[in-house]
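Trainee: Sharing structure-v9.csv below, CSV, C-alpha atoms:
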chain,number,residue,atom,x,y,z
A,1,MET,CA,-24.3,-51.2,-54.0
A,2,PHE,CA,-23.8,-47.5,-53.1
A,3,SER,CA,-23.0,-46.4,-49.5
A,4,LYS,CA,-25.2,-43.7,-47.9
A,5,GLN,CA,-23.6,-40.3,-48.0
A,6,LYS,CA,-22.6,-39.0,-44.5
A,7,GLU,CA,-24.4,-35.9,-43.4
A,8,GLN,CA,-22.5,-32.7,-43.4
A,9,ILE,CA,-22.1,-31.3,-39.8
A,10,ILE,CA,-20.5,-28.0,-38.8
A,11,LYS,CA,-19.2,-28.2,-35.3
A,12,PHE,CA,-17.7,-25.7,-32.8
A,13,ASP,CA,-14.5,-27.7,-32.4
A,14,GLN,CA,-13.8,-27.2,-36.2
A,15,ASN,CA,-12.6,-23.7,-35.4
A,16,LEU,CA,-9.1,-22.8,-36.5
A,17,CYS,CA,-8.0,-21.0,-33.4
A,18,ASN,CA,-8.4,-24.1,-31.2
A,19,ALA,CA,-10.8,-22.3,-28.9
A,20,ASN,CA,-12.4,-24.4,-26.1
A,21,SER,CA,-16.2,-24.1,-25.8
A,22,LYS,CA,-15.7,-23.7,-22.0
A,23,ASP,CA,-13.4,-20.7,-22.4
A,24,ASN,CA,-15.6,-17.7,-21.7
A,25,SER,CA,-12.9,-15.2,-22.5
A,26,VAL,CA,-13.3,-16.0,-26.2
A,27,LEU,CA,-16.4,-13.9,-27.1
A,28,PHE,CA,-16.9,-15.6,-30.5
A,29,VAL,CA,-15.6,-18.3,-32.9
A,30,LYS,CA,-16.1,-18.1,-36.6
A,31,ILE,CA,-16.3,-21.1,-38.9
A,32,LYS,CA,-16.6,-20.9,-42.7
A,33,ASP,CA,-17.6,-23.8,-44.9
A,34,VAL,CA,-19.1,-24.7,-48.3
A,35,ILE,CA,-22.3,-26.6,-48.2
A,36,THR,CA,-22.1,-30.0,-50.0
A,37,ASP,CA,-25.3,-31.6,-48.6
A,38,LYS,CA,-28.8,-30.2,-48.6
A,39,ASN,CA,-29.4,-31.8,-45.2
A,40,ALA,CA,-26.3,-30.1,-43.7
A,41,PHE,CA,-26.8,-28.8,-40.1
A,42,VAL,CA,-24.9,-26.8,-37.5
A,43,GLU,CA,-24.3,-28.1,-33.9
A,44,ILE,CA,-24.6,-25.4,-31.3
A,45,PRO,CA,-23.3,-26.4,-27.9
A,46,GLN,CA,-25.2,-25.5,-24.7
A,47,SER,CA,-22.5,-22.9,-23.8
A,48,HIS,CA,-23.1,-20.9,-27.0
A,49,ASN,CA,-25.7,-19.3,-29.3
A,50,ALA,CA,-24.9,-18.8,-33.0
A,51,LEU,CA,-25.4,-16.6,-36.0
A,52,ILE,CA,-25.6,-18.4,-39.3
A,53,VAL,CA,-24.7,-16.3,-42.4
A,54,LYS,CA,-25.8,-17.8,-45.7
A,55,GLY,CA,-24.6,-16.5,-49.0
A,56,GLY,CA,-22.7,-13.6,-47.3
A,57,SER,CA,-25.8,-11.5,-46.5
A,58,ASP,CA,-28.6,-13.6,-44.9
A,59,VAL,CA,-27.9,-13.5,-41.2
A,60,ARG,CA,-30.0,-15.5,-38.7
A,61,TYR,CA,-29.8,-16.0,-35.0
A,62,TYR,CA,-30.1,-19.5,-33.3
A,63,GLU,CA,-29.9,-20.8,-29.8
A,64,GLU,CA,-28.3,-24.1,-28.6
A,65,GLY,CA,-29.0,-27.4,-30.4
A,66,PRO,CA,-28.8,-28.8,-33.9
A,67,VAL,CA,-29.9,-26.4,-36.6
A,68,ASN,CA,-30.5,-27.1,-40.3
A,69,VAL,CA,-28.5,-24.8,-42.6
A,70,PHE,CA,-31.6,-24.6,-44.9
A,71,ASP,CA,-34.8,-23.7,-43.1
A,72,ASP,CA,-37.2,-24.7,-45.8
A,73,LYS,CA,-37.6,-26.3,-49.2
A,74,SER,CA,-37.3,-23.1,-51.2
A,75,GLU,CA,-33.8,-22.6,-49.8
A,76,ILE,CA,-32.9,-26.2,-50.8
A,77,LYS,CA,-34.3,-25.6,-54.2
A,78,ASN,CA,-32.3,-22.5,-54.8
A,79,TRP,CA,-29.1,-24.1,-53.4
A,80,LYS,CA,-26.3,-24.4,-55.8
A,81,LYS,CA,-23.0,-26.2,-55.5
A,82,GLY,CA,-20.4,-24.0,-53.8
A,83,PHE,CA,-22.9,-22.2,-51.6
A,84,SER,CA,-21.0,-20.7,-48.6
A,85,VAL,CA,-22.0,-20.5,-45.0
A,86,GLU,CA,-20.5,-18.8,-42.0
A,87,VAL,CA,-21.2,-19.7,-38.4
A,88,ILE,CA,-20.4,-17.3,-35.6
A,89,TYR,CA,-20.6,-19.1,-32.2
A,90,LEU,CA,-21.2,-16.6,-29.4
A,91,ALA,CA,-20.3,-17.6,-25.8
A,92,LYS,CA,-23.4,-17.1,-23.6
A,93,ASN,CA,-21.4,-16.2,-20.6
A,94,GLY,CA,-18.5,-14.7,-22.5
A,95,LYS,CA,-16.8,-11.6,-21.2
A,96,ILE,CA,-13.4,-10.0,-21.3
A,97,THR,CA,-12.0,-7.8,-18.5
A,98,ILE,CA,-10.3,-4.6,-19.7
A,99,CYS,CA,-8.0,-2.4,-17.7
A,100,TRP,CA,-8.2,1.3,-18.4
A,101,GLY,CA,-6.6,4.6,-17.3
A,102,THR,CA,-6.8,8.2,-18.4
A,103,PRO,CA,-3.7,9.1,-20.4
A,104,ASN,CA,-4.1,12.8,-19.6
A,105,LYS,CA,-5.2,14.5,-16.4
A,106,ILE,CA,-8.8,15.8,-16.3
A,107,THR,CA,-9.1,19.5,-15.4
A,108,PHE,CA,-12.1,20.8,-13.5
A,109,ARG,CA,-13.1,23.5,-11.0
A,110,ASP,CA,-13.7,22.3,-7.5
A,111,GLU,CA,-16.9,23.9,-6.2
A,112,ALA,CA,-16.0,23.9,-2.5
A,113,SER,CA,-12.6,25.7,-3.0
A,114,ASN,CA,-13.3,27.4,-6.3
A,115,ARG,CA,-9.9,26.1,-7.5
A,116,VAL,CA,-9.1,24.5,-10.8
A,117,VAL,CA,-7.7,21.0,-10.1
A,118,THR,CA,-6.4,18.1,-12.1
A,119,VAL,CA,-7.1,14.4,-11.6
A,120,GLY,CA,-6.3,11.1,-13.3
A,121,ALA,CA,-8.2,7.8,-12.8
A,122,ASN,CA,-7.8,4.1,-13.6
A,123,GLY,CA,-9.7,0.9,-13.2
A,124,GLU,CA,-11.3,-1.9,-15.1
A,125,PHE,CA,-14.5,-3.1,-16.7
A,126,ASP,CA,-16.1,-6.2,-18.4
A,127,ILE,CA,-17.4,-6.4,-21.9
A,128,CYS,CA,-20.0,-9.0,-23.0
A,129,VAL,CA,-22.1,-9.4,-26.1
A,130,ASP,CA,-25.6,-8.0,-25.6
A,131,ASN,CA,-27.0,-7.9,-29.1
A,132,ALA,CA,-25.5,-10.7,-31.3
A,133,LEU,CA,-26.6,-9.2,-34.6
A,134,GLN,CA,-25.4,-5.7,-33.8
A,135,PHE,CA,-22.1,-7.0,-32.5
A,136,TYR,CA,-21.6,-9.0,-35.6
A,137,LYS,CA,-22.4,-6.1,-38.0
A,138,THR,CA,-20.3,-3.5,-36.2
A,139,THR,CA,-17.3,-5.3,-34.8
A,140,ALA,CA,-17.1,-9.0,-35.8
A,141,VAL,CA,-18.1,-9.0,-39.5
A,142,THR,CA,-14.6,-8.4,-40.9
A,143,ALA,CA,-12.6,-10.5,-38.3
A,144,ASP,CA,-11.8,-14.1,-39.1
A,145,GLU,CA,-11.2,-14.9,-35.4
A,146,PHE,CA,-11.5,-13.2,-32.0
A,147,ASP,CA,-8.4,-11.3,-31.0
A,148,ARG,CA,-8.7,-10.5,-27.3
A,149,GLU,CA,-5.9,-7.9,-27.3
A,150,ALA,CA,-7.3,-6.1,-30.4
A,151,TYR,CA,-10.8,-5.9,-29.0
A,152,GLY,CA,-9.5,-4.8,-25.6
A,153,ASP,CA,-7.5,-2.0,-27.2
A,154,MET,CA,-10.5,-0.9,-29.2
A,155,PHE,CA,-13.0,-0.8,-26.4
A,156,ARG,CA,-10.5,0.7,-24.0
A,157,ALA,CA,-9.8,3.6,-26.4
A,158,ILE,CA,-13.5,4.3,-26.7
A,159,VAL,CA,-14.1,4.3,-23.0
A,160,VAL,CA,-11.1,6.5,-22.3
A,161,ASN,CA,-12.2,9.0,-25.0
A,162,LEU,CA,-15.7,9.3,-23.4
A,163,PHE,CA,-14.7,9.1,-19.7
A,164,THR,CA,-13.8,12.8,-19.2
A,165,ASP,CA,-17.1,14.3,-20.3
A,166,ILE,CA,-19.2,11.6,-18.4
A,167,PHE,CA,-17.1,12.0,-15.3
A,168,LEU,CA,-17.5,15.7,-15.2
A,169,ARG,CA,-21.3,15.4,-15.8
A,170,VAL,CA,-21.6,12.9,-12.9
A,171,LEU,CA,-19.7,15.3,-10.6
A,172,ASN,CA,-22.0,18.1,-11.5
A,173,ASP,CA,-25.2,16.1,-11.3
A,174,LYS,CA,-24.3,14.7,-7.9
A,175,LYS,CA,-22.8,18.0,-6.6
A,176,LEU,CA,-19.5,16.2,-5.5
A,177,THR,CA,-16.4,18.1,-4.5
A,178,TYR,CA,-12.9,16.7,-5.0
A,179,ASP,CA,-12.7,15.4,-1.4
A,180,GLN,CA,-15.9,13.4,-1.9
A,181,CYS,CA,-14.7,11.5,-5.0
A,182,ASP,CA,-12.7,8.8,-3.2
A,183,ALA,CA,-15.5,8.0,-0.8
A,184,ASN,CA,-18.0,7.7,-3.7
A,185,LYS,CA,-15.8,5.7,-6.2
A,186,LEU,CA,-18.3,2.9,-6.3
A,187,GLU,CA,-21.3,5.1,-7.0
A,188,ILE,CA,-19.4,7.2,-9.5
A,189,GLY,CA,-18.2,4.0,-11.3
A,190,ASN,CA,-21.7,2.5,-11.4
A,191,THR,CA,-23.2,5.6,-12.9
A,192,ILE,CA,-20.5,6.0,-15.5
A,193,GLY,CA,-20.8,2.3,-16.4
A,194,GLU,CA,-24.5,2.6,-16.9
A,195,ILE,CA,-24.1,5.6,-19.2
A,196,LEU,CA,-21.3,3.9,-21.2
A,197,SER,CA,-23.2,0.6,-21.4
A,198,GLU,CA,-26.3,2.2,-23.0
A,199,LYS,CA,-24.1,3.8,-25.6
A,200,PHE,CA,-22.1,0.6,-26.3
A,201,LYS,CA,-25.3,-1.5,-26.6
A,202,ALA,CA,-26.7,0.8,-29.2
A,203,GLU,CA,-23.5,1.2,-31.3
A,204,TYR,CA,-21.6,-2.0,-30.8
A,205,GLY,CA,-24.0,-4.6,-29.5
A,206,VAL,CA,-22.0,-5.1,-26.3
A,207,ALA,CA,-22.7,-4.2,-22.7
A,208,ILE,CA,-20.3,-2.9,-20.1
A,209,LYS,CA,-20.5,-4.6,-16.8
A,210,ASN,CA,-18.7,-3.9,-13.4
A,211,PHE,CA,-17.2,-0.6,-14.4
A,212,ILE,CA,-14.8,0.0,-11.5
A,213,ILE,CA,-12.7,3.1,-10.6
A,214,LYS,CA,-9.8,1.7,-8.6
A,215,LYS,CA,-8.0,4.9,-8.0
A,216,PHE,CA,-8.2,8.7,-8.4
A,217,VAL,CA,-4.8,10.3,-8.8
A,218,TRP,CA,-4.7,13.9,-7.4
A,219,SER,CA,-1.9,16.5,-7.6
A,220,ASP,CA,-0.2,17.0,-4.2
A,221,GLU,CA,-0.1,20.7,-4.9
A,222,ASP,CA,-3.8,20.9,-5.6
A,223,MET,CA,-4.7,18.8,-2.6
A,224,ALA,CA,-2.6,21.1,-0.3
A,225,ALA,CA,-4.1,24.3,-1.8
A,226,ILE,CA,-7.7,22.9,-1.4
A,227,GLU,CA,-7.1,21.9,2.2
A,228,ASN,CA,-5.7,25.3,3.0
A,229,ALA,CA,-8.7,27.0,1.3
A,230,ALA,CA,-11.0,24.7,3.3
A,231,ALA,CA,-9.2,25.6,6.6
A,232,GLU,CA,-9.4,29.3,5.8
A,233,ARG,CA,-13.1,29.0,4.9
A,234,LYS,CA,-13.8,27.3,8.2
A,235,LYS,CA,-11.8,30.0,10.0
A,236,GLN,CA,-13.9,32.7,8.4
A,237,GLU,CA,-17.1,30.9,9.2
A,238,LYS,CA,-16.1,30.7,12.9
A,239,LEU,CA,-15.1,34.4,12.9
A,240,LYS,CA,-18.6,35.2,11.6
A,241,GLU,CA,-20.1,33.2,14.5
A,242,TYR,CA,-18.0,34.9,17.1
A,243,LEU,CA,-18.8,38.4,15.7
A,244,ALA,CA,-22.5,37.5,15.6
A,245,GLU,CA,-22.4,36.6,19.3
A,246,ILE,CA,-20.5,39.8,20.1
A,247,GLU,CA,-23.2,41.7,18.3
A,248,ARG,CA,-25.9,40.0,20.2
A,249,LEU,CA,-24.2,40.8,23.5
A,250,ASP,CA,-23.5,44.4,22.5
A,251,ASP,CA,-25.7,45.9,25.2
A,252,LYS,CA,-24.5,43.5,27.9
A,253,GLN,CA,-21.0,44.7,28.5
A,254,TRP,CA,-20.1,42.3,31.3
A,255,GLU,CA,-21.4,39.2,29.3
A,256,ARG,CA,-19.6,40.5,26.3
A,257,ASP,CA,-16.3,40.8,28.2
A,258,LYS,CA,-16.8,37.4,29.7
A,259,TYR,CA,-17.3,35.9,26.2
A,260,LEU,CA,-14.1,37.5,25.0
A,261,ARG,CA,-12.1,36.2,27.9
A,262,ASN,CA,-13.4,32.6,27.3
A,263,LEU,CA,-12.6,33.0,23.6
A,264,GLU,CA,-9.1,34.1,24.4
A,265,LEU,CA,-8.6,31.0,26.5
A,266,GLN,CA,-10.1,28.6,23.9
A,267,ASP,CA,-8.7,30.0,20.6
A,268,LYS,CA,-6.2,32.9,20.8
A,269,ASN,CA,-5.9,33.3,17.0
A,270,ALA,CA,-9.7,33.7,16.7
A,271,TYR,CA,-9.7,36.1,19.7
A,272,TYR,CA,-7.2,38.4,18.0
A,273,GLU,CA,-9.1,38.2,14.8
A,274,VAL,CA,-12.3,39.2,16.6
A,275,LEU,CA,-10.4,42.1,18.3
A,276,LYS,CA,-9.2,43.4,15.0
A,277,VAL,CA,-12.8,43.7,13.8
A,278,ILE,CA,-14.5,45.0,16.9
A,279,GLY,CA,-11.5,47.2,17.9
A,280,THR,CA,-12.0,49.4,14.8
A,281,LYS,CA,-15.7,49.7,15.6
A,282,GLU,CA,-15.2,50.5,19.2
A,283,ASN,CA,-12.6,53.1,18.4
A,284,ASP,CA,-15.0,54.8,16.1
A,285,ALA,CA,-18.0,54.5,18.6
A,286,GLU,CA,-19.4,57.6,20.2
A,287,LYS,CA,-18.0,58.0,23.7
A,288,SER,CA,-20.3,58.4,26.7
A,289,LYS,CA,-20.0,61.1,29.3
A,290,CYS,CA,-19.4,60.3,33.0
A,291,PRO,CA,-22.5,61.3,35.1
A,292,ASN,CA,-20.1,62.5,37.9
A,293,CYS,CA,-17.5,64.7,36.1
A,294,GLY,CA,-19.1,65.0,32.7
A,295,LEU,CA,-16.0,64.0,30.8
A,296,GLU,CA,-16.0,61.2,28.1
A,297,TYR,CA,-15.1,57.6,28.7
A,298,GLY,CA,-14.7,54.7,26.3
A,299,PRO,CA,-17.4,52.0,25.7
A,300,ALA,CA,-15.1,49.3,27.3
A,301,ASP,CA,-14.2,51.4,30.4
A,302,LYS,CA,-15.5,50.2,33.7
A,303,PHE,CA,-14.5,53.3,35.6
A,304,CYS,CA,-14.2,56.9,34.4
A,305,PRO,CA,-10.6,57.6,33.5
A,306,HIS,CA,-10.9,61.1,34.9
A,307,CYS,CA,-12.7,60.9,38.3
A,308,GLY,CA,-12.7,57.1,39.0
A,309,LYS,CA,-16.5,57.0,39.2
A,310,ARG,CA,-17.9,53.5,38.2
A,311,VAL,CA,-19.5,53.9,34.8
A,312,SER,CA,-19.8,50.2,33.8
A,313,LYS,CA,-23.3,48.6,33.9
A,314,GLU,CA,-21.7,45.3,34.9
A,315,PRO,CA,-23.4,43.8,38.0
A,316,ILE,CA,-21.8,44.5,41.4
A,317,ILE,CA,-20.8,41.4,43.4
A,318,CYS,CA,-21.3,41.8,47.1
A,319,PRO,CA,-17.9,41.1,48.8
A,320,ASP,CA,-19.7,39.5,51.9
A,321,CYS,CA,-22.2,37.1,50.4
A,322,GLY,CA,-21.3,37.0,46.7
A,323,LYS,CA,-24.8,38.2,45.5
A,324,SER,CA,-24.9,39.8,42.1
A,325,ASN,CA,-26.5,43.2,42.3
A,326,SER,CA,-27.6,45.8,39.8
A,327,TYR,CA,-24.9,48.1,38.6
A,328,ASP,CA,-26.6,51.1,40.3
A,329,ALA,CA,-27.4,49.3,43.6
A,330,VAL,CA,-26.2,51.0,46.9
A,331,PHE,CA,-26.9,48.1,49.3
A,332,CYS,CA,-26.7,44.4,48.7
A,333,ALA,CA,-30.2,43.0,48.0
A,334,ASN,CA,-29.3,39.8,49.9
A,335,CYS,CA,-27.4,40.8,53.1
A,336,GLY,CA,-27.8,44.6,53.2
A,337,LYS,CA,-24.1,45.3,53.0
A,338,LYS,CA,-23.4,48.7,51.7
A,339,LEU,CA,-21.7,48.4,48.3
A,340,VAL,CA,-18.8,50.6,47.6
A,341,LYS,CA,-18.7,51.9,44.0
A,342,GLY,CA,-16.4,54.0,42.1
A,343,GLU,CA,-13.3,52.8,43.9
How does the structure come out when it is put into structure tokens?
Mentor:
Amino acid sequence: MFSKQKEQIIKFDQNLCNANSKDNSVLFVKIKDVITDKNAFVEIPQSHNALIVKGGSDVRYYEEGPVNVFDDKSEIKNWKKGFSVEVIYLAKNGKITICWGTPNKITFRDEASNRVVTVGANGEFDICVDNALQFYKTTAVTADEFDREAYGDMFRAIVVNLFTDIFLRVLNDKKLTYDQCDANKLEIGNTIGEILSEKFKAEYGVAIKNFIIKKFVWSDEDMAAIENAAAERKKQEKLKEYLAEIERLDDKQWERDKYLRNLELQDKNAYYEVLKVIGTKENDAEKSKCPNCGLEYGPADKFCPHCGKRVSKEPIICPDCGKSNSYDAVFCANCGKKLVKGE
């Protein structure tokens, strides 16, 4: 009496690298076998999907569960002894985390300071299989088993090679200056990760997840130069504001003088800078003639330097009641006190 032949079963735990089906850091496990039974089947655990490669070229994708090696009778009919099969188990939640860093500094022109600066960056990202067939054809077909270090080195090198161009493009698109990079690391990382992931999906069948920039590394010299340039730019902007206000008060001498006195108290450096600019203009300004003696006096003079006659149009303050009167008033409009001018 003949015993019934035991069915041929290909299982995950037959892998030669002793990988555990619960270990998600192993992206794939490859098992090769020769079919000795027309009813042979492959067991695919719930944690994995699988590619079954028959005869070296026929590649088909299957999800969890038992799967017959031969899908139909025609395949069984054409089956010959020694027929080879290859099963690539792919972890559904498989991912590897890869640390990266720019080996060389990136050079770019900071728009705010118009200075060429250099920066380095480092971080990490996750790789997971997105398209099983594409992943097999481009990266796993020649490998007998998954080598985490080798795959990490390969994908890290690709990312680092592409990072500079994408980083500069993102800076330009988002109009970011150097001092905004650290505050926007998360957004910059997400954008770069999305761009890289689309490329990796198309070319390698893997997706990039959680692309993180942990740190930007700036040159101390560049940072100091940019900060100095920013301070100088702010100083010039303030100077423009002060000069614009002086220009607005040009025909109100007393308000103008009051404004300058306040500026001197608040910011002496700015005060002297303003004087440098308006001093040249005032020295070149046409001098007025005193209505009393007919001789010239300067635009900033309150009294004629020749006869002592009051020439300023600044209001006259009554010494008795404090009322502000017109520059040409003879008597106080509030108390009638005679105002002494030109003394």
Trainee: Hey, can you check how far CA of Lys22 (chain A) sits from CA of Ser47 (chain A)?
Mentor: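 Separating CA of Lys22 (chain A) from CA of Ser47 (chain A) is a distance of 7.1 Å.
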Trainee: Find, counting all atoms listed in the file, the residue in A:Glu124, A:Glu86, A:Glu187, A:Asp173 that gets nearest to Val159 (chain A).
Mentor: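 That would be A:Glu124, the residue with the smallest distance to Val159 (chain A).
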Trainee: The residues within 12 Å of (-26.3, 44.1, 44.4), using all atoms listed in the file and the coordinates of the file, should be reported as a list of chain:residue names; which are they?
Mentor: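 Within the cut-off we find A:Lys313, A:Glu314, A:Pro315, A:Ile316, A:Ile317, A:Cys318, A:Pro319, A:Asp320, A:Cys321, A:Gly322, A:Lys323, A:Ser324, A:Asn325, A:Ser326, A:Tyr327, A:Asp328, A:Ala329, A:Val330, A:Phe331, A:Cys332, A:Ala333, A:Asn334, A:Cys335, A:Gly336, A:Lys337, A:Lys338, A:Leu339, A:Val340, A:Lys341.
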Trainee: Quick one, how far is CA of Ile98 (chain A) from CA of Tyr151 (chain A)?
Mentor: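 Between CA of Ile98 (chain A) and CA of Tyr151 (chain A) the gap works out to 9.4 Å.
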Trainee: Might you pull out every residue within 12 Å of Asn161 (chain A), with all atoms listed in the file counted and same-chain residues fewer than 2 positions away left off, and present them as a list in words?
Mentor: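 Contacts, with the query itself left out: Trp100, Gly101, Thr102, Pro103, Asn104, Ile106, Met154, Phe155, Arg156, Ala157, Ile158, Val159, Phe163, Thr164, Asp165, Ile166, Phe167 and Leu196 of chain A.
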Trainee: Dump as a list in words all residues having an atom at most 10 Å from (-14.2, 12.1, -6.8), computed in the file's coordinates with all atoms listed in the file.
Mentor: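 Those residues, ordered by chain and then number, are Val119, Ala121, Phe167, Leu168, Val170, Leu171, Leu176, Thr177, Tyr178, Asp179, Gln180, Cys181, Asp182, Ala183, Asn184, Lys185, Glu187, Ile188, Ile213, Lys215, Phe216, Val217 and Trp218 of chain A.
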Trainee: Taking all atoms listed in the file into account, name the residue in A:Ala225, A:Leu90, A:Ile76, A:Cys304 that is nearest to Gln46 (chain A).
Mentor: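 Among the listed residues, the smallest separation from Gln46 (chain A) belongs to A:Leu90.
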Trainee: Between CA of Ile44 (chain A) and CA of Lys137 (chain A), measure the distance and give it in Å to one decimal.
Mentor: 20.5 Å
Trainee: Could you give me region 267-279 of chain A completed to N, CA and C atoms, formatted as a short mmCIF file (atom, residue, chain, number, x, y, z; two decimals), keeping the file's coordinate frame?
Mentor:
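Output file rebuild.cif follows:
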data_model
loop_
_atom_site.label_atom_id
_atom_site.label_comp_id
_atom_site.auth_asym_id
_atom_site.auth_seq_id
_atom_site.Cartn_x
_atom_site.Cartn_y
_atom_site.Cartn_z
N ASP A 267 -9.27 29.91 21.98
CA ASP A 267 -8.70 30.00 20.60
C ASP A 267 -8.10 31.45 20.49
N LYS A 268 -6.81 31.58 20.83
CA LYS A 268 -6.20 32.90 20.80
C LYS A 268 -6.18 33.53 19.43
N ASN A 269 -5.95 32.71 18.41
CA ASN A 269 -5.90 33.30 17.00
C ASN A 269 -7.27 33.89 16.69
N ALA A 270 -8.34 33.16 17.00
CA ALA A 270 -9.70 33.70 16.70
C ALA A 270 -9.96 34.93 17.55
N TYR A 271 -9.47 34.92 18.81
CA TYR A 271 -9.70 36.10 19.70
C TYR A 271 -9.06 37.33 19.11
N TYR A 272 -7.82 37.22 18.60
CA TYR A 272 -7.20 38.40 18.00
C TYR A 272 -7.84 38.85 16.73
N GLU A 273 -8.35 37.88 15.97
CA GLU A 273 -9.10 38.20 14.80
C GLU A 273 -10.36 39.01 15.09
N VAL A 274 -11.03 38.56 16.15
CA VAL A 274 -12.30 39.20 16.60
C VAL A 274 -11.92 40.66 17.06
N LEU A 275 -10.83 40.80 17.83
CA LEU A 275 -10.40 42.10 18.30
C LEU A 275 -10.13 43.08 17.18
N LYS A 276 -9.52 42.54 16.12
CA LYS A 276 -9.20 43.40 15.00
C LYS A 276 -10.47 44.03 14.40
N VAL A 277 -11.53 43.19 14.34
CA VAL A 277 -12.80 43.70 13.80
C VAL A 277 -13.51 44.62 14.69
N ILE A 278 -13.70 44.19 15.97
CA ILE A 278 -14.50 45.00 16.90
C ILE A 278 -13.69 46.20 17.42
N GLY A 279 -12.34 46.10 17.40
CA GLY A 279 -11.50 47.20 17.90
C GLY A 279 -11.72 48.45 17.05
#
